[in-house]
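Source file: target39.cif; contents: mmCIF, C-alpha atoms and all ligand atoms.
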data_final
loop_
_atom_site.label_atom_id
_atom_site.label_comp_id
_atom_site.auth_asym_id
_atom_site.auth_seq_id
_atom_site.Cartn_x
_atom_site.Cartn_y
_atom_site.Cartn_z
CA MET Q 1 -5.53 36.20 30.97
CA PRO Q 2 -3.93 37.71 27.86
CA ASP Q 3 -2.04 35.50 25.43
CA PRO Q 4 1.64 35.15 26.19
CA LEU Q 5 3.73 37.64 24.24
CA ILE Q 6 5.39 36.38 21.08
CA ILE Q 7 8.70 38.16 20.59
CA THR Q 8 10.19 38.05 17.11
CA VAL Q 9 13.77 39.06 16.56
CA ALA Q 10 14.58 40.70 13.25
CA ALA Q 11 18.27 40.27 13.76
CA VAL Q 12 19.93 41.32 10.53
CA GLY Q 13 17.80 42.99 7.85
CA ALA Q 14 19.12 44.05 4.49
CA GLU Q 15 20.13 47.64 5.12
CA LEU Q 16 22.27 47.84 8.23
CA THR Q 17 26.07 47.63 7.97
CA ARG Q 18 28.78 46.68 10.44
CA GLU Q 19 29.96 50.28 10.29
CA GLN Q 20 26.59 51.40 11.60
CA GLN Q 21 26.22 48.57 14.13
CA PRO Q 22 29.46 46.70 14.95
CA ASN Q 23 27.54 43.89 16.70
CA LEU Q 24 25.52 42.89 13.62
CA PRO Q 25 25.70 39.07 13.25
CA ILE Q 26 26.75 38.02 9.74
CA THR Q 27 28.27 34.54 9.52
CA ALA Q 28 26.25 31.39 10.20
CA GLU Q 29 28.18 30.87 13.41
CA GLU Q 30 27.47 34.41 14.56
CA LEU Q 31 23.81 33.95 13.72
CA GLY Q 32 23.67 30.73 15.75
CA LEU Q 33 25.19 32.45 18.78
CA ASP Q 34 22.95 35.47 18.32
CA ALA Q 35 19.89 33.22 18.15
CA GLU Q 36 20.94 31.46 21.34
CA GLN Q 37 21.16 34.76 23.21
CA CYS Q 38 17.81 35.88 21.80
CA ALA Q 39 16.16 32.60 22.81
CA GLU Q 40 17.49 32.98 26.35
CA ALA Q 41 16.21 36.56 26.43
CA GLY Q 42 12.67 35.54 25.41
CA ALA Q 43 12.43 35.45 21.61
CA SER Q 44 10.51 32.67 19.93
CA ILE Q 45 10.76 33.62 16.23
CA TYR Q 46 13.99 34.44 14.38
CA HIS Q 47 13.29 36.57 11.27
CA LEU Q 48 16.23 35.84 9.03
CA HIS Q 49 18.09 37.75 6.33
CA VAL Q 50 21.58 36.58 5.40
CA ARG Q 51 24.72 38.30 4.14
CA ASP Q 52 27.61 37.25 1.94
CA GLU Q 53 31.27 37.28 3.10
CA SER Q 54 31.51 41.01 2.37
CA GLY Q 55 28.47 41.69 4.55
CA ALA Q 56 26.19 42.52 1.60
CA PRO Q 57 22.64 41.14 1.64
CA THR Q 58 22.15 37.97 -0.41
CA MET Q 59 19.34 35.51 -1.19
CA ASP Q 60 21.88 32.72 -1.74
CA VAL Q 61 20.24 29.41 -0.83
CA ASP Q 62 23.40 27.89 0.67
CA ALA Q 63 23.82 30.89 2.96
CA PHE Q 64 20.23 30.48 4.15
CA ALA Q 65 20.75 26.75 4.66
CA ALA Q 66 23.88 27.29 6.76
CA ALA Q 67 22.23 29.97 8.87
CA LYS Q 68 19.07 27.92 9.42
CA GLN Q 69 21.16 24.95 10.46
CA ALA Q 70 23.23 27.02 12.88
CA ILE Q 71 20.11 28.46 14.52
CA GLU Q 72 18.35 25.10 14.73
CA ASP Q 73 21.44 23.41 16.16
CA ARG Q 74 21.49 25.81 19.08
CA THR Q 75 17.85 26.72 19.70
CA ASP Q 76 14.27 25.64 19.13
CA LEU Q 77 13.36 29.05 17.72
CA ILE Q 78 10.94 29.23 14.80
CA VAL Q 79 13.00 30.29 11.80
CA GLN Q 80 11.20 32.77 9.58
CA PHE Q 81 12.89 33.55 6.26
CA THR Q 82 12.53 36.90 4.58
CA SER Q 83 10.99 36.72 1.13
CA GLY Q 84 11.60 40.43 0.71
CA GLY Q 85 15.36 40.24 0.41
CA ALA Q 86 16.87 43.60 -0.36
CA VAL Q 87 14.89 46.11 -2.39
CA ALA Q 88 16.81 45.31 -5.60
CA ASP Q 89 16.48 41.50 -5.56
CA ALA Q 90 14.74 39.71 -8.44
CA GLU Q 91 11.63 37.60 -7.88
CA SER Q 92 13.29 34.24 -8.53
CA ALA Q 93 16.10 35.04 -6.08
CA ARG Q 94 13.63 36.05 -3.37
CA LEU Q 95 11.70 32.81 -3.84
CA ALA Q 96 14.58 30.31 -3.97
CA PRO Q 97 15.37 29.91 -0.22
CA LEU Q 98 11.77 28.85 0.50
CA ASP Q 99 12.63 25.40 -0.84
CA LEU Q 100 14.50 24.88 2.45
CA ARG Q 101 11.06 24.84 4.08
CA PRO Q 102 11.43 27.17 7.04
CA GLU Q 103 8.42 27.04 9.36
CA MET Q 104 7.51 30.62 8.44
CA ALA Q 105 8.35 33.27 5.87
CA SER Q 106 7.57 36.95 5.65
CA LEU Q 107 5.24 38.09 2.86
CA THR Q 108 4.84 41.79 2.09
CA THR Q 109 1.52 42.22 0.33
CA GLY Q 110 2.10 45.38 -1.66
CA THR Q 111 4.56 47.85 -3.09
CA VAL Q 112 5.80 50.65 -0.88
CA ASN Q 113 8.30 53.49 -0.90
CA PHE Q 114 11.21 52.57 1.32
CA GLY Q 115 13.36 55.61 1.94
CA ASP Q 116 14.55 56.66 -1.49
CA ASP Q 117 13.98 53.13 -2.86
CA VAL Q 118 10.87 51.28 -3.95
CA PHE Q 119 10.16 47.91 -2.32
CA SER Q 120 8.39 46.36 -5.27
CA ASN Q 121 5.70 43.75 -4.62
CA PRO Q 122 3.18 43.79 -7.47
CA ILE Q 123 0.10 41.68 -6.80
CA PRO Q 124 0.97 38.82 -9.24
CA LEU Q 125 4.35 38.46 -7.50
CA VAL Q 126 2.74 38.41 -4.06
CA ARG Q 127 0.25 35.83 -5.27
CA SER Q 128 2.98 33.56 -6.63
CA PHE Q 129 4.98 33.86 -3.38
CA TYR Q 130 1.87 33.05 -1.38
CA GLU Q 131 1.10 30.00 -3.53
CA ARG Q 132 4.65 28.76 -3.12
CA MET Q 133 4.52 29.13 0.65
CA ARG Q 134 1.25 27.26 0.91
CA ALA Q 135 2.52 24.48 -1.37
CA LEU Q 136 5.49 24.05 0.97
CA ASP Q 137 3.39 24.27 4.16
CA ILE Q 138 5.16 27.48 5.23
CA VAL Q 139 3.02 29.82 7.32
CA PRO Q 140 3.32 33.39 6.04
CA GLU Q 141 3.71 36.40 8.25
CA PHE Q 142 2.00 39.22 6.37
CA GLU Q 143 4.23 42.30 6.57
CA ILE Q 144 2.01 45.37 6.73
CA PHE Q 145 3.64 48.69 5.83
CA GLU Q 146 0.35 50.44 5.13
CA PRO Q 147 -3.36 49.56 5.52
CA GLY Q 148 -4.02 48.43 1.93
CA MET Q 149 -1.69 45.54 2.53
CA ILE Q 150 -4.12 44.06 5.06
CA ALA Q 151 -6.91 44.13 2.49
CA THR Q 152 -4.65 42.50 -0.11
CA ALA Q 153 -3.56 39.75 2.29
CA ASP Q 154 -7.16 38.98 3.19
CA ARG Q 155 -8.33 39.03 -0.43
CA MET Q 156 -5.61 36.58 -1.40
CA TYR Q 157 -6.40 34.33 1.55
CA GLU Q 158 -10.05 34.21 0.49
CA GLU Q 159 -9.30 33.78 -3.22
CA ALA Q 160 -7.04 30.85 -2.39
CA GLY Q 161 -9.60 29.21 -0.09
CA ALA Q 162 -6.79 29.04 2.47
CA ASP Q 163 -7.39 27.92 6.04
CA HIS Q 164 -4.08 28.59 7.81
CA HIS Q 165 -3.85 30.83 10.84
CA ARG Q 166 -3.32 34.48 9.85
CA HIS Q 167 -0.50 36.39 11.50
CA TYR Q 168 0.41 39.97 10.57
CA ASP Q 169 3.33 42.21 11.45
CA PHE Q 170 2.94 45.99 11.34
CA VAL Q 171 6.14 47.74 10.31
CA LEU Q 172 5.67 51.39 11.23
CA GLY Q 173 7.84 54.41 10.66
CA VAL Q 174 9.69 53.42 7.48
CA PRO Q 175 10.19 56.70 5.55
CA GLY Q 176 7.62 56.55 2.75
CA ALA Q 177 5.29 54.09 4.50
CA MET Q 178 2.74 54.31 7.33
CA PRO Q 179 4.06 56.41 10.22
CA ALA Q 180 4.27 55.22 13.81
CA TRP Q 181 1.43 57.49 14.89
CA GLY Q 182 -0.03 57.10 18.36
CA ASP Q 183 -3.11 55.37 16.98
CA SER Q 184 -1.52 53.40 14.09
CA VAL Q 185 -1.36 50.11 15.97
CA GLU Q 186 -4.92 50.30 17.24
CA PHE Q 187 -6.25 51.32 13.81
CA LEU Q 188 -4.55 48.45 11.96
CA ALA Q 189 -5.44 45.85 14.60
CA ARG Q 190 -9.09 46.86 14.38
CA HIS Q 191 -9.17 45.90 10.70
CA LEU Q 192 -7.82 42.37 11.04
CA PRO Q 193 -9.92 39.19 10.88
CA GLU Q 194 -11.27 38.19 14.26
CA ASP Q 195 -9.08 35.17 14.96
CA ALA Q 196 -5.87 36.74 13.65
CA THR Q 197 -2.73 37.48 15.66
CA TRP Q 198 -0.40 40.40 15.03
CA SER Q 199 2.86 41.90 16.08
CA ALA Q 200 4.22 45.39 15.61
CA THR Q 201 7.54 47.10 15.29
CA GLY Q 202 8.46 50.76 15.13
CA ILE Q 203 11.53 51.74 13.19
CA GLY Q 204 14.28 53.62 15.02
CA ARG Q 205 13.07 56.20 17.52
CA HIS Q 206 9.51 54.91 17.27
CA HIS Q 207 10.51 51.55 18.63
CA ILE Q 208 9.56 51.73 22.30
CA PRO Q 209 6.16 53.46 21.96
CA ILE Q 210 5.07 50.93 19.35
CA ALA Q 211 6.21 47.97 21.48
CA GLU Q 212 4.33 49.44 24.46
CA ALA Q 213 1.18 49.89 22.40
CA ALA Q 214 1.37 46.33 21.08
CA ILE Q 215 1.90 44.81 24.53
CA ALA Q 216 -0.95 46.83 26.01
CA SER Q 217 -3.45 45.96 23.29
CA GLY Q 218 -2.96 42.21 23.08
CA GLY Q 219 -0.56 42.17 20.15
CA HIS Q 220 2.96 40.84 19.92
CA VAL Q 221 6.31 42.53 19.36
CA ARG Q 222 9.16 42.46 16.87
CA SER Q 223 12.53 43.92 17.76
CA GLY Q 224 16.15 43.56 16.67
CA PHE Q 225 18.80 45.33 14.62
CA GLU Q 226 16.73 45.29 11.42
CA ASP Q 227 14.38 47.75 13.10
CA VAL Q 228 16.42 49.53 15.75
CA ARG Q 229 20.14 49.76 16.28
CA TYR Q 230 20.27 52.01 19.35
CA PHE Q 231 19.36 50.81 22.82
CA GLU Q 232 18.69 54.40 23.82
CA PRO Q 233 19.52 57.73 22.18
CA GLY Q 234 23.25 57.92 21.50
CA ARG Q 235 23.96 54.39 22.76
CA LEU Q 236 24.17 51.51 20.28
CA ALA Q 237 22.60 48.22 21.36
CA GLU Q 238 25.15 45.62 22.42
CA SER Q 239 23.28 42.70 20.91
CA ASN Q 240 19.94 41.55 19.59
CA GLY Q 241 19.59 39.67 22.88
CA GLN Q 242 19.77 42.97 24.77
CA LEU Q 243 16.91 44.38 22.68
CA ILE Q 244 14.83 41.23 23.15
CA GLY Q 245 15.50 41.21 26.89
CA ARG Q 246 14.11 44.72 27.15
CA VAL Q 247 10.88 43.71 25.38
CA ALA Q 248 10.53 40.72 27.71
CA GLU Q 249 10.92 43.01 30.73
CA MET Q 250 8.31 45.40 29.36
CA ALA Q 251 5.94 42.46 28.90
CA ARG Q 252 6.38 41.18 32.42
CA ALA Q 253 5.90 44.67 33.83
CA ALA Q 254 2.62 44.85 31.92
CA GLY Q 255 1.45 41.43 33.16
CA ARG Q 256 2.07 39.53 29.94
CA PRO Q 257 4.06 36.31 30.22
CA VAL Q 258 6.55 35.72 27.42
CA ALA Q 259 5.71 32.91 24.97
CA THR Q 260 8.04 29.96 24.53
CA PRO Q 261 8.64 28.71 20.98
CA THR Q 262 6.26 25.82 21.69
CA GLU Q 263 3.51 28.20 22.82
CA THR Q 264 4.14 30.35 19.76
CA ARG Q 265 3.81 27.34 17.44
CA HIS Q 266 0.50 26.61 19.08
CA LEU Q 267 -0.74 30.23 18.84
CA LEU Q 268 0.25 30.48 15.17
CA GLY Q 269 -0.94 27.05 14.12
CA LEU Q 270 2.47 25.95 12.87
CA ARG Q 271 3.16 22.38 11.89
CA GLU Q 272 4.71 20.14 14.54
CA PRO Q 273 8.16 21.25 15.66
CA ARG Q 274 11.28 19.74 14.19
CA GLY Q 275 12.10 16.22 15.26
CA THR Q 276 8.52 15.13 15.70
CA LEU Q 277 7.62 15.01 12.00
ZN ZN Z 1 13.20 41.61 7.15
#
Spell out the structure here as structure tokens.
Ligand code: ZN
Amino acid sequence: MPDPLIITVAAVGAELTREQQPNLPITAEELGLDAEQCAEAGASIYHLHVRDESGAPTMDVDAFAAAKQAIEDRTDLIVQFTSGGAVADAESARLAPLDLRPEMASLTTGTVNFGDDVFSNPIPLVRSFYERMRALDIVPEFEIFEPGMIATADRMYEEAGADHHRHYDFVLGVPGAMPAWGDSVEFLARHLPEDATWSATGIGRHHIPIAEAAIASGGHVRSGFEDVRYFEPGRLAESNGQLIGRVAEMARAAGRPVATPTETRHLLGLREPRGTL
């Protein structure tokens, strides 16, 4: 019996605008409603970026606090903060929201070209982010844009003498990073530690083949507007919930049950859910 499928929703991101995707949730209230739909559709992790009133990406701590509260008021989803922010954010700004102690946070373990920009993650910065997360008992999700990032994540884990569960997310098809080749998922998964878990997401038109490959090979799936804004060619997705519902259907068709947030906490070794601390 394969593990139930963990579905992560990357609902917002730092790049997409309302002009490109009119259904992008921005305010805390919109994020709470979006999270509720995603939870009903089968998501168990909500990967969170926030925006300011103008819709621009921000690492403002109050905005993260309001969004986290709105999501937790309406759902029992695991809230996973970005620590990447937007490509231009300073280190201190990217780190500040972690003090709100989300259950998880993303951690990109290397620098990578990102379209015409550079997503800058020098090793000392990654190390300091990782130390901060461990000090706050936040489980990182290692964001893997190319294979060297797996090696860096594992080296840091060993250097730190860490013993948390290791969960990785493969982000494939970003221009400048590892492509969503037919064998990318299998290749990366083969180089993970034995007891690790992983999810995968393909950007844009690579989305469905990557989700299929992840479901078939025992991985997990990330979807949502950060990664894909069209439901099918020429047709914008109506909501994050619609995208998550499709992944859940694909899982069931492939014989994988969909994980609840409680099952996901168990699979990822997260601390006890809220309210039982
Ligand atoms: Zn993100």
Residues near segment 95-99 of chain Q, anyone? I mean within 12 Å using only C-alpha atoms, not counting same-chain ones fewer than 5 positions away, as a PDB file with C-alpha atoms, in the frame of the given file.
ATOM      1  CA  LEU Q  48      16.230  35.840   9.030  1.00  0.00           C
ATOM      2  CA  HIS Q  49      18.090  37.750   6.330  1.00  0.00           C
ATOM      3  CA  VAL Q  50      21.580  36.580   5.400  1.00  0.00           C
ATOM      4  CA  THR Q  58      22.150  37.970  -0.410  1.00  0.00           C
ATOM      5  CA  MET Q  59      19.340  35.510  -1.190  1.00  0.00           C
ATOM      6  CA  ASP Q  60      21.880  32.720  -1.740  1.00  0.00           C
ATOM      7  CA  VAL Q  61      20.240  29.410  -0.830  1.00  0.00           C
ATOM      8  CA  ASP Q  62      23.400  27.890   0.670  1.00  0.00           C
ATOM      9  CA  ALA Q  63      23.820  30.890   2.960  1.00  0.00           C
ATOM     10  CA  PHE Q  64      20.230  30.480   4.150  1.00  0.00           C
ATOM     11  CA  ALA Q  65      20.750  26.750   4.660  1.00  0.00           C
ATOM     12  CA  ALA Q  66      23.880  27.290   6.760  1.00  0.00           C
ATOM     13  CA  ALA Q  67      22.230  29.970   8.870  1.00  0.00           C
ATOM     14  CA  LYS Q  68      19.070  27.920   9.420  1.00  0.00           C
ATOM     15  CA  VAL Q  79      13.000  30.290  11.800  1.00  0.00           C
ATOM     16  CA  GLN Q  80      11.200  32.770   9.580  1.00  0.00           C
ATOM     17  CA  PHE Q  81      12.890  33.550   6.260  1.00  0.00           C
ATOM     18  CA  THR Q  82      12.530  36.900   4.580  1.00  0.00           C
ATOM     19  CA  SER Q  83      10.990  36.720   1.130  1.00  0.00           C
ATOM     20  CA  GLY Q  84      11.600  40.430   0.710  1.00  0.00           C
ATOM     21  CA  GLY Q  85      15.360  40.240   0.410  1.00  0.00           C
ATOM     22  CA  ASP Q  89      16.480  41.500  -5.560  1.00  0.00           C
ATOM     23  CA  ALA Q  90      14.740  39.710  -8.440  1.00  0.00           C
ATOM     24  CA  MET Q 104       7.510  30.620   8.440  1.00  0.00           C
ATOM     25  CA  ALA Q 105       8.350  33.270   5.870  1.00  0.00           C
ATOM     26  CA  SER Q 106       7.570  36.950   5.650  1.00  0.00           C
ATOM     27  CA  LEU Q 107       5.240  38.090   2.860  1.00  0.00           C
ATOM     28  CA  LEU Q 125       4.350  38.460  -7.500  1.00  0.00           C
ATOM     29  CA  VAL Q 126       2.740  38.410  -4.060  1.00  0.00           C
ATOM     30  CA  ARG Q 127       0.250  35.830  -5.270  1.00  0.00           C
ATOM     31  CA  SER Q 128       2.980  33.560  -6.630  1.00  0.00           C
ATOM     32  CA  PHE Q 129       4.980  33.860  -3.380  1.00  0.00           C
ATOM     33  CA  TYR Q 130       1.870  33.050  -1.380  1.00  0.00           C
ATOM     34  CA  GLU Q 131       1.100  30.000  -3.530  1.00  0.00           C
ATOM     35  CA  ARG Q 132       4.650  28.760  -3.120  1.00  0.00           C
ATOM     36  CA  MET Q 133       4.520  29.130   0.650  1.00  0.00           C
ATOM     37  CA  ARG Q 134       1.250  27.260   0.910  1.00  0.00           C
ATOM     38  CA  ALA Q 135       2.520  24.480  -1.370  1.00  0.00           C
ATOM     39  CA  LEU Q 136       5.490  24.050   0.970  1.00  0.00           C
ATOM     40  CA  ASP Q 137       3.390  24.270   4.160  1.00  0.00           C
ATOM     41  CA  ILE Q 138       5.160  27.480   5.230  1.00  0.00           C
ATOM     42  CA  VAL Q 139       3.020  29.820   7.320  1.00  0.00           C
ATOM     43  CA  PRO Q 140       3.320  33.390   6.040  1.00  0.00           C
TER      44      PRO Q 140
END
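When only C-alpha atoms and all ligand atoms are used to compute distances to ligand ZN 1 (chain Z), the closest of the residues Q:Arg222, Q:Arg101, Q:His164, Q:Arg18 turns out to be Q:Arg222.
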As a ChimeraX atom specification, please: the residues near Thr111 of chain Q (cut-off 8 Å, all atoms listed in the file, same-chain neighbours under 5 positions excluded). /Q:118-122
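Counting from atom CA of Leu270 of chain Q, the distance to atom CA of Asp73 of chain Q is 19.4 Å.
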Would you mind reading off the distance between atom CA of Val228 of chain Q and atom CA of Thr262 of chain Q, one decimal, in Å? 26.5 Å
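Of note, atom CA of Val171 of chain Q and atom CA of Asp227 of chain Q are spaced 8.7 Å apart.
Residues with at least one atom no more than 10 Å from (-1.7, 52.3, 16.2), using only C-alpha atoms, are Phe170, Leu172, Pro179, Ala180, Trp181, Gly182, Asp183, Ser184, Val185, Glu186, Phe187, Leu188, Ala189, Arg190, Ala200, Pro209, Ile210, Ala213, Ala214 and Ser217 of chain Q.
The closest residue to Glu103 of chain Q, picked from Q:Val247, Q:Ala160, Q:Ile45, Q:Ala70 and counting only C-alpha atoms, is Q:Ile45.
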